[in-house]
Amino acid sequence: WTFTDAYTKINVDSPSVEYPKGLRMFTQFVLLPLVTIYLMILYAYAGKILFTMNWPRGWVSYLVIGFSMAGILALLLIWPLREDMRHKWIKLYARGFFFALFPLVILLFCSIYLRVSTYGITINRWFVILLACWLLLIALYFLLSREKQIRFIPVSLFFTALLSAYGPLSAFNVAFRSQKARLLEVGAAAGVYNPEEGRFVKATKVGQVDFDQEEVLSSAIEYLVDTYDAKEVASMFPVNADSVIEKY
């Protein structure tokens, strides 16, 4: 029996960190049960989606992200107590949470893929894609890493936010390239865009652009005009739109 043994025992049985009892009670008896119920609802909802193959519009992404944020918040709040012998369940919760998160992240990727393949990337969808990649990274880190540092969560989230805000991979730039490419691709397929001149041309006959193509063209143009500079979009067309831009 040494001083080191005594210190270790005191440290384990009575953590040196003074943790607010009210915060622990809230996390353990309010937040964690809510996260568990949320998880059960999400799994039931995912089962219904897979059984019916009917994907709701945008709901899945928000539900999975909401669950992930609530679960990670609970983990952050109780992390200081993970080495306390009286709260062994914290390590079990952390591991179980990230195992449970994996199928939901896959569901999130499938959901956003369906939206992007049909309507292209928008600013909000790029944020969802980056969050899905971040959640996958977090889950892999806490399941595979030997030394789990809780600071990895805010640091990695900070760099993800930085990536989404600046540079060629920012949400603003990625969404513009995606919607513009979608506009030009459908325009060329409909025969109303000349890639050599880099401009749209008038249709040569009535009905040249079918309804689906017209819907894609109008939605892409509307998004680009509402989100970016209208003059840059108008420069691709053979008509002078200055008066329209000035009026609206």
# chains A, B, ... in the order shown; residues from 1 in each chain; ligands from 1
$ closest_atom_pairs --of "region 84-141 of chain A" --to "region 44-60 of chain A" --cutoff "9 Å" --atoms "only C-alpha atoms" --output "tab-separated table"
residue	atom	partner	partner_atom	distance
A:Leu104	CA	A:Ala46	CA	8.1
A:Leu107	CA	A:Ala46	CA	7.6
A:Leu108	CA	A:Val60	CA	6.6
A:Ser111	CA	A:Val60	CA	6.6
A:Ile112	CA	A:Gly58	CA	7.9
A:Leu114	CA	A:Trp55	CA	8.7
A:Arg115	CA	A:Gly58	CA	7.9
$ select_by_dssp --residues "region 20-225 of chain A" --states "helix (DSSP H, G or I)" --output "number ranges by chain"
A: 21-52, 59-81, 85-87, 89-119, 123-144, 152-165, 171-190, 211-225
$ atom_distance --atom1 "CA of Ser164 (chain A)" --atom2 "CA of Tyr141 (chain A)"
21.2 Å
$ closest_atom_pairs --of "region 85-203 of chain A" --to "region 226-229 of chain A" --cutoff "10 Å" --atoms "only C-alpha atoms" --output "JSON lines"
{"residue": "A:Thr122", "atom": "CA", "partner": "A:Thr227", "partner_atom": "CA", "distance": 9.8}
{"residue": "A:Ile123", "atom": "CA", "partner": "A:Thr227", "partner_atom": "CA", "distance": 9.3}
{"residue": "A:Phe172", "atom": "CA", "partner": "A:Tyr228", "partner_atom": "CA", "distance": 8.8}
{"residue": "A:Ala175", "atom": "CA", "partner": "A:Thr227", "partner_atom": "CA", "distance": 9.6}
{"residue": "A:Phe176", "atom": "CA", "partner": "A:Tyr228", "partner_atom": "CA", "distance": 7.9}
$ write_last_selection --atoms "C-alpha atoms" --output "mmCIF file, in the first residue's frame"
data_model
loop_
_atom_site.group_PDB
_atom_site.id
_atom_site.type_symbol
_atom_site.label_atom_id
_atom_site.label_comp_id
_atom_site.auth_asym_id
_atom_site.auth_seq_id
_atom_site.Cartn_x
_atom_site.Cartn_y
_atom_site.Cartn_z
ATOM 1 C CA THR A 122 -27.780 23.688 -52.986
ATOM 2 C CA ILE A 123 -26.150 25.541 -50.089
ATOM 3 C CA PHE A 172 -21.581 29.098 -51.838
ATOM 4 C CA ALA A 175 -23.832 25.081 -54.982
ATOM 5 C CA PHE A 176 -23.195 27.597 -57.790
#
$ residues_around --residues "region 65-67 of chain A" --least-positions-apart "5" --cutoff "8 Å" --atoms "only C-alpha atoms" --output "PDB file with C-alpha atoms, in the first residue's frame"
ATOM      1  CA  VAL A  35     -32.119  10.576 -26.987  1.00  0.00           C
ATOM      2  CA  TYR A  38     -35.586   9.537 -30.365  1.00  0.00           C
ATOM      3  CA  LEU A  39     -33.307   6.678 -31.493  1.00  0.00           C
ATOM      4  CA  LEU A 131     -22.309  17.194 -41.557  1.00  0.00           C
TER       5      LEU A 131
END
$ closest_residue --among "A:Cys110, A:Leu92, A:Val128, A:Ile78" --to "Phe142 (chain A)" --atoms "only C-alpha atoms"
A:Leu92
$ residues_around --residues "Phe99 (chain A)" --least-positions-apart "5" --cutoff "10 Å" --atoms "only C-alpha atoms" --output "tab-separated table (two decimals) with all heavy atoms, in the first residue's frame"
chain	number	residue	atom	x	y	z
A	93	TYR	N	-22.45	3.96	-22.84
A	93	TYR	CA	-23.31	4.84	-23.63
A	93	TYR	C	-22.57	5.38	-24.85
A	93	TYR	O	-23.11	5.39	-25.96
A	93	TYR	CB	-23.81	6.01	-22.78
A	93	TYR	CG	-24.33	7.16	-23.61
A	93	TYR	CD1	-25.58	7.11	-24.22
A	93	TYR	CD2	-23.54	8.31	-23.81
A	93	TYR	CE1	-26.05	8.16	-24.99
A	93	TYR	CE2	-24.01	9.36	-24.59
A	93	TYR	CZ	-25.25	9.28	-25.18
A	93	TYR	OH	-25.70	10.32	-25.96
A	94	ALA	N	-21.32	5.83	-24.65
A	94	ALA	CA	-20.55	6.41	-25.74
A	94	ALA	C	-20.37	5.41	-26.87
A	94	ALA	O	-20.59	5.72	-28.05
A	94	ALA	CB	-19.20	6.91	-25.23
A	104	LEU	N	-27.74	5.12	-39.19
A	104	LEU	CA	-28.44	6.38	-39.45
A	104	LEU	C	-27.63	7.29	-40.37
A	104	LEU	O	-28.20	8.03	-41.19
A	104	LEU	CB	-28.75	7.09	-38.13
A	104	LEU	CG	-29.67	6.33	-37.18
A	104	LEU	CD1	-29.87	7.11	-35.89
A	104	LEU	CD2	-31.02	6.06	-37.84
A	139	ALA	N	-17.83	9.11	-35.55
A	139	ALA	CA	-18.17	7.75	-35.16
A	139	ALA	C	-16.97	6.82	-35.30
A	139	ALA	O	-16.69	6.01	-34.41
A	139	ALA	CB	-19.35	7.25	-36.00
A	140	LEU	N	-16.25	6.93	-36.41
A	140	LEU	CA	-15.06	6.10	-36.62
A	140	LEU	C	-13.98	6.39	-35.58
A	140	LEU	O	-13.33	5.48	-35.07
A	140	LEU	CB	-14.51	6.33	-38.04
A	140	LEU	CG	-15.34	5.77	-39.19
A	140	LEU	CD1	-14.77	6.21	-40.53
A	140	LEU	CD2	-15.39	4.24	-39.13
A	142	PHE	N	-14.27	7.58	-32.44
A	142	PHE	CA	-14.57	7.12	-31.08
A	142	PHE	C	-14.71	5.60	-30.99
A	142	PHE	O	-14.64	5.04	-29.90
A	142	PHE	CB	-15.84	7.80	-30.57
A	142	PHE	CG	-15.59	9.16	-30.01
A	142	PHE	CD1	-15.74	10.28	-30.80
A	142	PHE	CD2	-15.19	9.33	-28.70
A	142	PHE	CE1	-15.50	11.56	-30.29
A	142	PHE	CE2	-14.94	10.58	-28.17
A	142	PHE	CZ	-15.09	11.70	-28.98
A	143	LEU	N	-14.90	4.93	-32.12
A	143	LEU	CA	-14.98	3.48	-32.09
A	143	LEU	C	-13.62	2.82	-32.29
A	143	LEU	O	-13.37	1.74	-31.74
A	143	LEU	CB	-15.96	2.99	-33.16
A	143	LEU	CG	-17.44	3.25	-32.90
A	143	LEU	CD1	-18.28	2.80	-34.09
A	143	LEU	CD2	-17.90	2.51	-31.64
$ select_by_dssp --residues "region 40-245 of chain A" --states "strand (DSSP E)" --output "ChimeraX atom specification"
/A:193-194,199-200
$ residues_around --residues "Ile221 (chain A)" --least-positions-apart "4" --cutoff "8 Å" --atoms "only C-alpha atoms" --output "ChimeraX atom specification"
/A:183,217,225,233
$ residues_around --residues "Gln213 (chain A)" --least-positions-apart "2" --cutoff "12 Å" --atoms "only C-alpha atoms" --output "list of chain:residue names"
A:Tyr119, A:Arg182, A:Leu183, A:Leu184, A:Glu185, A:Val186, A:Gly187, A:Ala188, A:Ala189, A:Ala190, A:Gly191, A:Val192, A:Gly207, A:Gln208, A:Val209, A:Asp210, A:Phe211, A:Glu215, A:Val216, A:Leu217, A:Ser218, A:Ser219, A:Ala220
$ atom_distance --atom1 "CA of Arg199 (chain A)" --atom2 "CA of Pro238 (chain A)"
7.1 Å
$ closest_residue --among "A:Trp89, A:Phe97, A:Trp134, A:Tyr43" --to "Ala70 (chain A)" --atoms "only C-alpha atoms"
A:Phe97
